[in-house]
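Chemist: Quick one, entry-v6.txt (compact mmCIF, C-alpha atoms (C1' of nucleotides)):
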# COMPACT_ATOMS: atom_id res chain seq x y z
CA MET A 4 -5.43 -32.41 -21.68
CA ASN A 5 -5.84 -28.77 -22.69
CA PRO A 6 -4.86 -26.87 -19.55
CA ILE A 7 -7.28 -24.01 -20.25
CA ILE A 8 -10.20 -26.45 -20.26
CA GLN A 9 -8.79 -28.11 -17.18
CA GLN A 10 -8.74 -24.77 -15.33
CA PHE A 11 -12.18 -23.71 -16.58
CA LYS A 12 -13.66 -26.95 -15.28
CA ARG A 13 -12.61 -25.99 -11.74
CA TYR A 14 -15.22 -23.21 -11.89
CA GLY A 15 -18.21 -24.86 -13.56
CA PHE A 16 -19.57 -27.42 -15.99
CA LEU A 17 -18.56 -27.32 -19.67
CA SER A 18 -20.64 -29.02 -22.35
CA SER A 19 -18.65 -31.20 -24.74
CA GLU A 20 -19.54 -28.75 -27.55
CA ALA A 21 -18.03 -25.93 -25.52
CA GLU A 22 -14.94 -28.02 -24.83
CA VAL A 23 -14.39 -28.60 -28.53
CA ALA A 24 -14.82 -24.90 -29.29
CA ILE A 25 -12.36 -23.91 -26.56
CA GLU A 26 -9.90 -26.54 -27.76
CA ASP A 27 -10.08 -25.07 -31.29
CA ARG A 28 -9.25 -21.60 -30.02
CA THR A 29 -6.48 -22.46 -27.61
CA LYS A 30 -3.00 -21.55 -28.79
CA CYS A 31 0.21 -22.96 -27.39
CA PHE A 32 3.43 -20.94 -27.22
CA PHE A 33 6.96 -21.85 -26.25
CA LYS A 34 8.79 -18.84 -24.88
CA LYS A 35 12.36 -18.21 -23.80
CA LYS A 36 13.44 -16.63 -20.54
CA ASN A 37 13.14 -12.80 -20.69
CA ASP A 38 10.76 -12.92 -23.69
CA HIS A 39 7.64 -10.84 -23.37
CA PHE A 40 4.21 -12.35 -23.71
CA LEU A 41 2.26 -9.14 -23.59
CA LYS A 42 3.68 -5.71 -24.10
CA SER A 43 1.39 -3.01 -22.80
CA GLY A 44 -0.62 -1.43 -25.59
CA GLN A 45 -1.26 -4.79 -27.23
CA VAL A 46 -4.14 -7.09 -26.35
CA LEU A 47 -2.96 -10.53 -27.29
CA SER A 48 -4.57 -12.79 -24.77
CA SER A 49 -7.30 -12.87 -22.24
CA TYR A 50 -6.80 -15.91 -20.07
CA PHE A 51 -3.78 -18.16 -20.12
CA VAL A 52 -2.18 -21.02 -18.22
CA LEU A 53 1.47 -21.93 -17.73
CA GLU A 54 2.03 -25.59 -18.36
CA LYS A 55 5.61 -24.98 -17.36
CA GLY A 56 7.51 -21.82 -16.46
CA LEU A 57 7.28 -18.59 -14.53
CA ILE A 58 6.01 -15.11 -15.39
CA ARG A 59 5.80 -11.67 -13.87
CA ALA A 60 3.37 -8.84 -14.57
CA TYR A 61 4.67 -5.30 -14.27
CA PHE A 62 4.02 -1.74 -15.33
CA TYR A 63 6.06 1.43 -15.48
CA HIS A 64 5.79 4.09 -12.81
CA GLU A 65 8.05 7.14 -12.89
CA GLY A 66 10.37 5.38 -15.30
CA LYS A 67 10.81 2.28 -13.16
CA GLU A 68 9.32 -1.20 -13.47
CA VAL A 69 6.88 -2.15 -10.73
CA ASN A 70 5.94 -5.82 -10.37
CA THR A 71 2.30 -6.58 -9.62
CA TRP A 72 2.28 -10.38 -9.51
CA PHE A 73 4.15 -13.58 -10.27
CA GLY A 74 2.56 -16.56 -11.99
CA GLU A 75 3.56 -20.19 -11.59
CA GLU A 76 2.29 -23.48 -13.00
CA ASN A 77 -1.33 -24.67 -12.74
CA GLN A 78 -2.97 -21.32 -12.21
CA ILE A 79 -5.14 -19.41 -14.62
CA PHE A 80 -4.35 -15.73 -15.17
CA GLY A 81 -4.84 -12.79 -17.40
CA SER A 82 -5.56 -9.10 -17.03
CA ILE A 83 -9.23 -8.56 -16.43
CA LEU A 84 -9.06 -5.03 -17.83
CA PRO A 85 -8.80 -6.04 -21.52
CA VAL A 86 -11.53 -8.65 -21.06
CA TYR A 87 -13.79 -6.06 -19.46
CA THR A 88 -13.04 -3.03 -21.61
CA ASN A 89 -11.68 -4.65 -24.75
CA ARG A 90 -8.86 -2.14 -24.49
CA PRO A 91 -5.14 -2.81 -24.10
CA SER A 92 -3.66 -3.47 -20.71
CA PHE A 93 -1.11 -1.16 -19.10
CA GLU A 94 0.52 -4.34 -17.79
CA ASN A 95 3.48 -6.07 -19.38
CA ILE A 96 3.96 -9.79 -18.95
CA GLN A 97 7.41 -11.30 -19.12
CA PHE A 98 8.68 -14.85 -18.80
CA LEU A 99 11.28 -15.34 -16.09
CA GLU A 100 12.06 -18.90 -17.22
CA ASP A 101 11.70 -20.86 -20.47
CA SER A 102 7.97 -21.52 -20.55
CA GLU A 103 5.14 -23.37 -22.23
CA VAL A 104 1.92 -21.38 -22.21
CA TYR A 105 -1.66 -21.99 -23.43
CA ALA A 106 -3.79 -18.95 -24.19
CA ILE A 107 -7.09 -17.71 -25.58
CA SER A 108 -7.38 -14.29 -27.20
CA VAL A 109 -9.89 -11.71 -26.01
CA GLU A 110 -11.79 -11.92 -29.32
CA ASP A 111 -12.02 -15.70 -29.16
CA LEU A 112 -13.16 -15.57 -25.55
CA ASN A 113 -15.90 -13.11 -26.40
CA ASP A 114 -16.98 -15.34 -29.30
CA LEU A 115 -17.14 -18.25 -26.87
CA TYR A 116 -19.27 -16.24 -24.42
CA ARG A 117 -21.66 -15.50 -27.29
CA MET A 118 -21.78 -19.10 -28.55
CA PHE A 119 -22.03 -20.71 -25.10
CA PRO A 120 -23.73 -18.30 -22.68
CA GLU A 121 -23.32 -20.85 -19.88
CA LEU A 122 -19.59 -20.00 -20.02
CA ASN A 123 -20.50 -16.73 -18.31
CA LEU A 124 -20.84 -18.73 -15.10
CA VAL A 125 -17.19 -19.77 -15.41
CA GLY A 126 -16.21 -16.21 -16.34
CA ARG A 127 -18.11 -14.85 -13.35
CA LYS A 128 -16.45 -17.30 -10.95
CA ILE A 129 -12.98 -16.52 -12.28
CA ALA A 130 -13.57 -12.76 -12.00
CA GLU A 131 -14.95 -13.22 -8.48
CA GLU A 132 -11.91 -15.23 -7.48
CA VAL A 133 -9.64 -12.52 -8.89
CA CYS A 134 -11.60 -9.99 -6.78
CA VAL A 135 -10.89 -11.99 -3.64
CA ILE A 136 -7.17 -12.14 -4.46
CA LEU A 137 -7.03 -8.41 -5.26
CA GLU A 138 -8.85 -7.56 -2.03
CA GLU A 139 -6.25 -9.49 -0.05
CA ARG A 140 -3.49 -7.74 -1.95
CA SER A 141 -4.97 -4.30 -1.20
CA ILE A 142 -5.38 -5.11 2.48
CA SER A 143 -1.81 -6.31 2.65
CA LEU A 144 -0.52 -3.09 1.07
CA HIS A 145 -2.88 -1.03 3.26
CA THR A 146 -2.05 -2.44 6.67
CA GLU A 147 1.11 -4.53 6.66
CA SER A 148 4.75 -3.48 7.10
CA ALA A 149 7.33 -4.46 4.50
CA THR A 150 8.50 -7.29 6.76
CA GLU A 151 4.98 -8.67 7.09
CA ARG A 152 4.37 -8.44 3.34
CA TYR A 153 7.61 -10.32 2.72
CA GLN A 154 6.58 -13.07 5.13
CA SER A 155 3.15 -13.34 3.51
CA LEU A 156 4.75 -13.70 0.09
CA ILE A 157 7.07 -16.53 1.05
CA ARG A 158 4.16 -18.26 2.79
CA LEU A 159 1.93 -18.02 -0.29
CA GLN A 160 4.54 -18.56 -3.04
CA PRO A 161 7.46 -20.31 -1.34
CA ARG A 162 9.09 -21.49 -4.57
CA LEU A 163 9.39 -17.91 -5.83
CA LEU A 164 12.42 -17.07 -3.70
CA SER A 165 14.63 -19.59 -5.46
CA ARG A 166 13.28 -18.70 -8.90
CA VAL A 167 13.51 -14.88 -9.11
CA ASN A 168 16.04 -12.34 -7.95
CA LEU A 169 15.52 -10.07 -4.98
CA GLY A 170 15.10 -6.96 -7.09
CA HIS A 171 11.91 -8.39 -8.56
CA ILE A 172 10.60 -9.33 -5.13
CA ALA A 173 11.42 -5.93 -3.64
CA SER A 174 9.55 -4.27 -6.50
CA TYR A 175 6.53 -6.48 -5.85
CA LEU A 176 6.64 -5.60 -2.14
CA GLY A 177 6.88 -1.88 -2.88
CA ILE A 178 10.27 -1.42 -1.21
CA THR A 179 13.85 -1.00 -2.41
CA GLN A 180 16.19 -3.91 -2.84
CA GLU A 181 18.41 -2.55 -0.07
CA THR A 182 15.52 -2.58 2.41
CA LEU A 183 14.60 -6.13 1.41
CA SER A 184 18.19 -7.22 1.92
CA ARG A 185 18.14 -5.75 5.44
CA ILE A 186 14.78 -7.39 6.20
CA ARG A 187 16.22 -10.75 5.23
CA ARG A 188 19.27 -10.42 7.47
CA TYR A 189 17.17 -11.78 10.37
CA MET B 1436 -37.85 2.09 -10.65
CA ASN B 1437 -36.10 -0.59 -8.59
CA PRO B 1438 -32.52 0.71 -8.35
CA ILE B 1439 -31.03 -2.81 -8.32
CA ILE B 1440 -32.62 -3.56 -11.68
CA GLN B 1441 -31.56 -0.16 -12.92
CA GLN B 1442 -27.94 -0.92 -12.03
CA PHE B 1443 -28.03 -4.47 -13.41
CA LYS B 1444 -29.26 -3.14 -16.74
CA ARG B 1445 -26.07 -1.12 -17.11
CA TYR B 1446 -24.21 -4.42 -17.51
CA GLY B 1447 -26.47 -6.47 -19.77
CA PHE B 1448 -29.96 -7.32 -20.95
CA LEU B 1449 -32.60 -8.55 -18.48
CA SER B 1450 -35.67 -10.47 -19.62
CA SER B 1451 -38.94 -9.18 -18.20
CA GLU B 1452 -39.30 -12.49 -16.29
CA ALA B 1453 -35.93 -11.90 -14.70
CA GLU B 1454 -36.91 -8.32 -13.84
CA VAL B 1455 -40.02 -9.52 -12.05
CA ALA B 1456 -38.05 -12.13 -10.13
CA ILE B 1457 -35.45 -9.57 -9.09
CA GLU B 1458 -38.16 -7.13 -8.09
CA ASP B 1459 -39.73 -9.79 -5.85
CA ARG B 1460 -36.45 -10.38 -4.05
CA THR B 1461 -35.35 -6.80 -3.58
CA LYS B 1462 -35.66 -5.48 -0.05
CA CYS B 1463 -35.67 -1.84 0.93
CA PHE B 1464 -34.23 -0.60 4.23
CA PHE B 1465 -34.21 2.80 5.88
CA LYS B 1466 -31.21 3.19 8.13
CA LYS B 1467 -30.07 5.87 10.54
CA LYS B 1468 -26.65 7.45 10.65
CA ASN B 1469 -24.13 5.17 12.46
CA ASP B 1470 -26.34 2.07 12.04
CA HIS B 1471 -24.61 -0.99 10.68
CA PHE B 1472 -25.84 -2.73 7.56
CA LEU B 1473 -23.51 -5.68 7.72
CA LYS B 1474 -21.57 -6.75 10.74
CA SER B 1475 -18.72 -9.06 9.85
CA GLY B 1476 -19.62 -12.66 10.50
CA GLN B 1477 -23.10 -12.21 9.05
CA VAL B 1478 -23.98 -12.52 5.38
CA LEU B 1479 -27.03 -10.41 4.92
CA SER B 1480 -26.70 -9.09 1.43
CA SER B 1481 -24.86 -9.65 -1.75
CA TYR B 1482 -25.35 -6.61 -3.93
CA PHE B 1483 -26.99 -3.38 -2.85
CA VAL B 1484 -27.60 0.17 -4.03
CA LEU B 1485 -27.95 3.41 -2.06
CA GLU B 1486 -30.94 5.37 -3.23
CA LYS B 1487 -29.86 8.02 -0.76
CA GLY B 1488 -27.09 8.14 1.81
CA LEU B 1489 -23.46 7.28 2.41
CA ILE B 1490 -21.66 4.17 3.66
CA ARG B 1491 -18.21 3.01 4.57
CA ALA B 1492 -16.74 -0.49 4.58
CA TYR B 1493 -14.13 -1.28 7.19
CA PHE B 1494 -12.45 -4.13 9.03
CA TYR B 1495 -10.43 -4.45 12.21
CA HIS B 1496 -6.66 -4.66 12.15
CA GLU B 1497 -4.70 -4.74 15.41
CA GLY B 1498 -7.70 -3.45 17.30
CA LYS B 1499 -8.28 -0.46 15.03
CA GLU B 1500 -10.86 0.18 12.32
CA VAL B 1501 -9.45 0.39 8.80
CA ASN B 1502 -11.68 1.84 6.07
CA THR B 1503 -11.57 0.12 2.68
CA TRP B 1504 -14.08 2.13 0.67
CA PHE B 1505 -16.87 4.70 0.75
CA GLY B 1506 -20.11 4.28 -1.15
CA GLU B 1507 -22.34 7.05 -2.46
CA GLU B 1508 -25.60 7.17 -4.42
CA ASN B 1509 -26.14 5.43 -7.76
CA GLN B 1510 -23.42 2.85 -7.49
CA ILE B 1511 -23.82 -0.87 -6.99
CA PHE B 1512 -21.72 -2.52 -4.29
CA GLY B 1513 -21.33 -5.53 -2.13
CA SER B 1514 -18.53 -7.75 -0.94
CA ILE B 1515 -17.63 -10.25 -3.60
CA LEU B 1516 -16.24 -12.68 -1.04
CA PRO B 1517 -19.63 -13.84 0.33
CA VAL B 1518 -21.01 -14.13 -3.20
CA TYR B 1519 -18.04 -16.22 -4.26
CA THR B 1520 -17.52 -18.38 -1.18
CA ASN B 1521 -20.96 -18.21 0.42
CA ARG B 1522 -19.12 -17.43 3.64
CA PRO B 1523 -19.39 -14.32 5.81
CA SER B 1524 -17.40 -11.24 5.01
CA PHE B 1525 -14.71 -9.87 7.31
CA GLU B 1526 -15.94 -6.43 6.27
CA ASN B 1527 -18.35 -4.30 8.26
CA ILE B 1528 -20.60 -1.82 6.52
CA GLN B 1529 -21.83 1.26 8.35
CA PHE B 1530 -24.05 4.14 7.30
CA LEU B 1531 -22.47 7.55 7.70
CA GLU B 1532 -25.74 9.37 6.96
CA ASP B 1533 -29.44 8.49 7.20
CA SER B 1534 -29.86 6.22 4.19
CA GLU B 1535 -32.29 4.39 1.94
CA VAL B 1536 -30.85 1.15 0.61
CA TYR B 1537 -32.09 -1.61 -1.74
CA ALA B 1538 -30.52 -5.04 -1.40
CA ILE B 1539 -30.62 -8.66 -2.54
CA SER B 1540 -29.45 -11.46 -0.25
CA VAL B 1541 -26.76 -13.92 -1.30
CA GLU B 1542 -29.26 -16.80 -1.28
CA ASP B 1543 -31.73 -14.91 -3.45
CA LEU B 1544 -28.99 -13.92 -5.86
CA ASN B 1545 -27.87 -17.54 -6.20
CA ASP B 1546 -31.48 -18.58 -6.80
CA LEU B 1547 -31.68 -15.96 -9.53
CA TYR B 1548 -28.49 -17.20 -11.18
CA ARG B 1549 -30.02 -20.70 -11.22
CA MET B 1550 -33.40 -19.55 -12.57
CA PHE B 1551 -31.97 -17.12 -15.14
CA PRO B 1552 -28.52 -18.32 -16.24
CA GLU B 1553 -28.22 -15.30 -18.53
CA LEU B 1554 -27.83 -13.25 -15.34
CA ASN B 1555 -24.33 -14.70 -15.10
CA LEU B 1556 -23.35 -12.26 -17.83
CA VAL B 1557 -24.37 -9.37 -15.57
CA GLY B 1558 -22.61 -11.02 -12.61
CA ARG B 1559 -19.47 -11.48 -14.66
CA LYS B 1560 -19.44 -7.86 -15.82
CA ILE B 1561 -19.96 -6.57 -12.28
CA ALA B 1562 -17.16 -8.78 -10.91
CA GLU B 1563 -14.88 -7.70 -13.77
CA GLU B 1564 -15.60 -4.05 -13.03
CA VAL B 1565 -14.81 -4.62 -9.35
CA CYS B 1566 -11.50 -6.21 -10.44
CA VAL B 1567 -10.61 -3.09 -12.40
CA ILE B 1568 -11.40 -0.87 -9.39
CA LEU B 1569 -9.42 -3.11 -7.02
CA GLU B 1570 -6.44 -3.16 -9.40
CA GLU B 1571 -6.39 0.63 -9.38
CA ARG B 1572 -6.62 0.65 -5.61
CA SER B 1573 -3.69 -1.78 -5.29
CA ILE B 1574 -1.56 0.25 -7.67
CA SER B 1575 -2.34 3.41 -5.75
CA LEU B 1576 -1.31 1.80 -2.46
CA HIS B 1577 1.74 0.24 -4.13
CA THR B 1578 3.24 3.28 -5.81
CA GLU B 1579 1.75 6.52 -4.53
CA SER B 1580 2.70 8.68 -1.55
CA ALA B 1581 0.06 9.65 1.01
CA THR B 1582 -0.25 13.09 -0.62
CA GLU B 1583 -0.86 11.55 -4.05
CA ARG B 1584 -3.42 9.09 -2.67
CA TYR B 1585 -5.24 11.99 -1.02
CA GLN B 1586 -5.33 13.93 -4.26
CA SER B 1587 -6.63 10.89 -6.15
CA LEU B 1588 -9.40 10.44 -3.62
CA ILE B 1589 -10.68 14.00 -3.82
CA ARG B 1590 -10.53 13.78 -7.60
CA LEU B 1591 -12.56 10.56 -7.69
CA GLN B 1592 -14.99 11.23 -4.84
CA PRO B 1593 -15.02 15.02 -4.36
CA ARG B 1594 -18.22 15.09 -2.32
CA LEU B 1595 -16.70 12.81 0.31
CA LEU B 1596 -14.64 15.54 1.96
CA SER B 1597 -17.69 17.46 3.09
CA ARG B 1598 -19.58 14.33 4.13
CA VAL B 1599 -17.13 12.39 6.34
CA ASN B 1600 -14.61 13.40 8.96
CA LEU B 1601 -10.87 13.37 8.38
CA GLY B 1602 -10.28 10.40 10.65
CA HIS B 1603 -12.24 8.19 8.26
CA ILE B 1604 -10.37 9.54 5.26
CA ALA B 1605 -6.97 9.08 6.91
CA SER B 1606 -7.88 5.48 7.72
CA TYR B 1607 -8.84 4.90 4.09
CA LEU B 1608 -5.55 6.40 2.94
CA GLY B 1609 -3.55 4.27 5.37
CA ILE B 1610 -2.10 7.21 7.30
CA THR B 1611 -2.79 8.84 10.66
CA GLN B 1612 -5.16 11.73 11.05
CA GLU B 1613 -2.27 13.97 12.11
CA THR B 1614 -0.41 13.26 8.88
CA LEU B 1615 -3.52 13.97 6.83
CA SER B 1616 -3.99 17.26 8.64
CA ARG B 1617 -0.42 18.26 7.77
CA ILE B 1618 -0.89 17.18 4.12
CA ARG B 1619 -3.94 19.42 3.90
CA ARG B 1620 -2.15 22.47 5.27
CA TYR B 1621 -0.87 23.22 1.75
C1' DA C 494 -24.97 32.00 25.50
C1' DA C 495 -22.54 28.38 28.13
C1' DC C 496 -21.02 23.90 28.33
C1' DA C 497 -19.69 19.39 26.72
C1' DT C 498 -18.23 16.62 23.04
C1' DT C 499 -16.11 15.77 18.82
C1' DT C 500 -12.98 17.01 15.28
C1' DT C 501 -8.93 19.15 13.60
C1' DT C 502 -4.46 21.16 14.13
C1' DT C 503 0.13 21.83 16.09
C1' DG C 504 4.60 20.53 18.24
C1' DA C 505 8.33 17.41 19.65
C1' DT C 506 10.36 13.27 18.88
C1' DG C 507 10.87 8.32 17.14
C1' DT C 508 10.90 4.76 13.47
C1' DA C 509 10.61 2.65 8.93
C1' DT C 510 12.08 3.02 4.67
C1' DA C 511 14.57 5.64 0.75
C1' DT C 512 18.70 7.23 -1.41
C1' DC C 513 23.36 7.18 -2.87
C1' DA C 514 27.76 5.06 -2.95
C1' DA C 515 30.59 1.29 -2.57
C1' DA C 516 31.98 -3.31 -1.33
C1' DA C 517 31.17 -8.21 -1.35
C1' DT C 518 29.28 -12.22 -3.35
C1' DC C 519 27.63 -15.09 -6.92
C1' DA C 520 27.15 -16.92 -11.73
C1' DA C 521 28.50 -17.41 -16.46
C1' DC C 522 31.95 -17.80 -19.88
C1' DT C 523 36.43 -18.61 -21.85
C1' DA D 1290 41.30 -20.67 -12.61
C1' DG D 1291 40.55 -15.89 -14.11
C1' DT D 1292 37.62 -12.36 -15.98
C1' DT D 1293 33.26 -10.20 -16.59
C1' DG D 1294 28.78 -8.87 -15.42
C1' DA D 1295 24.86 -9.39 -12.46
C1' DT D 1296 23.13 -9.71 -7.85
C1' DT D 1297 23.22 -8.95 -3.01
C1' DT D 1298 24.88 -6.70 1.06
C1' DT D 1299 26.65 -2.92 3.86
C1' DG D 1300 27.21 1.91 5.47
C1' DA D 1301 25.99 6.82 5.96
C1' DT D 1302 22.54 9.96 5.61
C1' DA D 1303 17.85 11.86 4.28
C1' DT D 1304 12.81 11.74 4.16
C1' DA D 1305 8.05 10.35 5.02
C1' DC D 1306 5.19 9.14 8.20
C1' DA D 1307 3.96 7.54 13.17
C1' DT D 1308 3.35 8.43 17.97
C1' DC D 1309 2.18 10.91 22.01
C1' DA D 1310 0.56 14.99 24.13
C1' DA D 1311 -1.87 19.04 24.04
C1' DA D 1312 -4.13 23.10 22.11
C1' DA D 1313 -7.51 25.03 19.05
C1' DA D 1314 -11.61 24.94 16.46
C1' DA D 1315 -16.02 23.24 15.29
C1' DT D 1316 -20.39 21.15 16.50
C1' DG D 1317 -24.21 19.78 19.31
C1' DT D 1318 -27.10 20.34 23.53
C1' DT D 1319 -29.49 22.47 27.20
What do you get writing this file as structure tokens?
Modeler:
Amino acid sequence: MNPIIQQFKRYGFLSSEAEVAIEDRTKCFFKKKNDHFLKSGQVLSSYFVLEKGLIRAYFYHEGKEVNTWFGEENQIFGSILPVYTNRPSFENIQFLEDSEVYAISVEDLNDLYRMFPELNLVGRKIAEEVCVILEERSISLHTESATERYQSLIRLQPRLLSRVNLGHIASYLGITQETLSRIRRY
Amino acid sequence: MNPIIQQFKRYGFLSSEAEVAIEDRTKCFFKKKNDHFLKSGQVLSSYFVLEKGLIRAYFYHEGKEVNTWFGEENQIFGSILPVYTNRPSFENIQFLEDSEVYAISVEDLNDLYRMFPELNLVGRKIAEEVCVILEERSISLHTESATERYQSLIRLQPRLLSRVNLGHIASYLGITQETLSRIRRY
DNA sequence: AACATTTTTTGATGTATATCAAAATCAACT
DNA sequence: AGTTGATTTTGATATACATCAAAAAATGTT
């Protein structure tokens, strides 16, 4: 079953007409490790789901890459900014493993919202859930030490450690790789 | 005009029936400086607007208050968490000046979403805007030094400096008051 | 104006994390 | 198995910010 529809249904009811319309607009991509899905400056997709694979989102700050999140299977993601503003994201999204991904473009999503206004309930719930996640992320960066943030990460995404290198994790935590290495010594 | 309706209209169209229903459910409060609007553990309100006044949101971490945001006039706010989960917020909201505030309870808002499904468009846009703000906040905490975060704050909310004491601002920035004082020396 | 309270600043010192350089380890390829 | 390149660890030193204590300045109250 179309994994976008499957995810949407977690947030609210979809009419069968809406399901068909979403199905028609869902695109499937097979990507290789290190490929980019979105390069900042382009708006290719709004929401997408990994059927299989692993991705990271990052942006550039003072010439260096800074990771903002990692995505695994059976989650729905996307940058809210392009959906909200219809302008390109500053985020880049890169595959860290060979992946199979299902996506809907921003234009198609906006068409769907127009055709099936009840979809706004799903859109609202998704955005609200993203708010909750982002609030937790802010609080973690605001109040926790690097060691605590590392422990939170392995609690929430335990498979990540064996799938990505420590440089990526350090960047996500906002510390250097050397500091992460020392944290892990214990 | 009802400031909740005024704010909602920035995000999408409201039918006159919806306007009347919102009007009926809007409550106005006059609060004194240092009063609390929400104490964590209670869910009193979903979205609210300050007609006049100033508020801060904070939570407790290791026995100390940590400020997460400041709210001024003509903005709409609220914790998304109670709207999304229907469970109490961990956030406390306190007035920093004598204030006039208009609010809608979580239950009333959910009634409104049921009665006027088109309101979900407004709810989606508000949640998406909150996502954008929270993303910026995370990035700031992730990549900026205390000095840079201070400069961002006075750029974005310049009136704040003359309205709240430095302890509150330091807490928002995630640094001690002493460090903030030294940052400001220059 | 005098006093009490709150807020802000200053000083001395400690700690977490960054930086730079290099070594050690691991993984991929022939 | 040996070579190459990427990843992780270690060491020495620097910097940003915290902590604790106290002084100074600002604000509110009688």
Chemist: For Asp1546 in chain B, find every residue with an atom within 12 Å (counting all atoms listed in the file), except residues of its own chain fewer than 3 positions away, and show them as a list of chain:residue names.
Modeler: B:Ala1453, B:Ala1456, B:Ile1457, B:Arg1460, B:Val1518, B:Ile1539, B:Ser1540, B:Val1541, B:Glu1542, B:Asp1543, B:Arg1549, B:Met1550, B:Phe1551, B:Pro1552, B:Leu1554, B:Asn1555
Chemist: Would you mind exporting C-alpha atoms of the selected residues as a PDB file, keeping the file's coordinate frame?
Modeler:
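Printed below is out-v1.pdb as written:
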ATOM      1  CA  ALA B1453     -35.930 -11.900 -14.700  1.00  0.00           C
ATOM      2  CA  ALA B1456     -38.050 -12.130 -10.130  1.00  0.00           C
ATOM      3  CA  ILE B1457     -35.450  -9.570  -9.090  1.00  0.00           C
ATOM      4  CA  ARG B1460     -36.450 -10.380  -4.050  1.00  0.00           C
ATOM      5  CA  VAL B1518     -21.010 -14.130  -3.200  1.00  0.00           C
ATOM      6  CA  ILE B1539     -30.620  -8.660  -2.540  1.00  0.00           C
ATOM      7  CA  SER B1540     -29.450 -11.460  -0.250  1.00  0.00           C
ATOM      8  CA  VAL B1541     -26.760 -13.920  -1.300  1.00  0.00           C
ATOM      9  CA  GLU B1542     -29.260 -16.800  -1.280  1.00  0.00           C
ATOM     10  CA  ASP B1543     -31.730 -14.910  -3.450  1.00  0.00           C
ATOM     11  CA  ARG B1549     -30.020 -20.700 -11.220  1.00  0.00           C
ATOM     12  CA  MET B1550     -33.400 -19.550 -12.570  1.00  0.00           C
ATOM     13  CA  PHE B1551     -31.970 -17.120 -15.140  1.00  0.00           C
ATOM     14  CA  PRO B1552     -28.520 -18.320 -16.240  1.00  0.00           C
ATOM     15  CA  LEU B1554     -27.830 -13.250 -15.340  1.00  0.00           C
ATOM     16  CA  ASN B1555     -24.330 -14.700 -15.100  1.00  0.00           C
TER      17      ASN B1555
END
Chemist: Take C1' of DT498 in chain C and CA of Phe1472 in chain B and report the distance between them in Å, one decimal.
Modeler: 25.9 Å
Chemist: Would you list the contacts of DA1303 in chain D as an MDAnalysis selection string, taking every protein, DNA or RNA residue within 12 Å and counting all atoms listed in the file, but skipping same-chain residues closer than 4 positions in sequence?
Modeler: chainID C and resid 510:513
Chemist: Mind listing as a list in words all residues within 8 Å of (8.5, -19.8, -19.5), counting all atoms listed in the file?
Modeler: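 Protein, DNA and RNA residues close to (8.5, -19.8, -19.5): Phe33, Lys34, Lys35, Lys36, Leu53, Lys55, Gly56, Leu57, Ile58, Phe98, Leu99, Glu100, Asp101, Ser102, Glu103 and Val104 of chain A.
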Chemist: Next, the residues of the selection above should be written as a short mmCIF file (atom, residue, chain, number, x, y, z; two decimals), in the frame of the given file with C-alpha atoms.
Modeler:
data_model
loop_
_atom_site.label_atom_id
_atom_site.label_comp_id
_atom_site.auth_asym_id
_atom_site.auth_seq_id
_atom_site.Cartn_x
_atom_site.Cartn_y
_atom_site.Cartn_z
CA PHE A 33 6.96 -21.85 -26.25
CA LYS A 34 8.79 -18.84 -24.88
CA LYS A 35 12.36 -18.21 -23.80
CA LYS A 36 13.44 -16.63 -20.54
CA LEU A 53 1.47 -21.93 -17.73
CA LYS A 55 5.61 -24.98 -17.36
CA GLY A 56 7.51 -21.82 -16.46
CA LEU A 57 7.28 -18.59 -14.53
CA ILE A 58 6.01 -15.11 -15.39
CA PHE A 98 8.68 -14.85 -18.80
CA LEU A 99 11.28 -15.34 -16.09
CA GLU A 100 12.06 -18.90 -17.22
CA ASP A 101 11.70 -20.86 -20.47
CA SER A 102 7.97 -21.52 -20.55
CA GLU A 103 5.14 -23.37 -22.23
CA VAL A 104 1.92 -21.38 -22.21
#
Chemist: With 9 Å as the threshold, what does the neighbourhood of (-18.1, -15.4, -16.2) contain in terms of residues, counting all atoms listed in the file? Coordinates are those of the file; answer as a PDB file with C-alpha atoms, in the coordinates of the input.
Modeler:
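selection_39.pdb, written as the output of this step:
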ATOM      1  CA  TYR A 116     -19.270 -16.240 -24.420  1.00  0.00           C
ATOM      2  CA  GLU A 121     -23.320 -20.850 -19.880  1.00  0.00           C
ATOM      3  CA  LEU A 122     -19.590 -20.000 -20.020  1.00  0.00           C
ATOM      4  CA  ASN A 123     -20.500 -16.730 -18.310  1.00  0.00           C
ATOM      5  CA  LEU A 124     -20.840 -18.730 -15.100  1.00  0.00           C
ATOM      6  CA  VAL A 125     -17.190 -19.770 -15.410  1.00  0.00           C
ATOM      7  CA  GLY A 126     -16.210 -16.210 -16.340  1.00  0.00           C
ATOM      8  CA  ARG A 127     -18.110 -14.850 -13.350  1.00  0.00           C
ATOM      9  CA  LYS A 128     -16.450 -17.300 -10.950  1.00  0.00           C
ATOM     10  CA  ILE A 129     -12.980 -16.520 -12.280  1.00  0.00           C
ATOM     11  CA  ALA A 130     -13.570 -12.760 -12.000  1.00  0.00           C
ATOM     12  CA  GLU A 131     -14.950 -13.220  -8.480  1.00  0.00           C
TER      13      GLU A 131
ATOM     14  CA  ASN B1555     -24.330 -14.700 -15.100  1.00  0.00           C
ATOM     15  CA  LEU B1556     -23.350 -12.260 -17.830  1.00  0.00           C
ATOM     16  CA  VAL B1557     -24.370  -9.370 -15.570  1.00  0.00           C
ATOM     17  CA  GLY B1558     -22.610 -11.020 -12.610  1.00  0.00           C
ATOM     18  CA  ARG B1559     -19.470 -11.480 -14.660  1.00  0.00           C
ATOM     19  CA  LYS B1560     -19.440  -7.860 -15.820  1.00  0.00           C
ATOM     20  CA  ALA B1562     -17.160  -8.780 -10.910  1.00  0.00           C
ATOM     21  CA  GLU B1563     -14.880  -7.700 -13.770  1.00  0.00           C
TER      22      GLU B1563
END
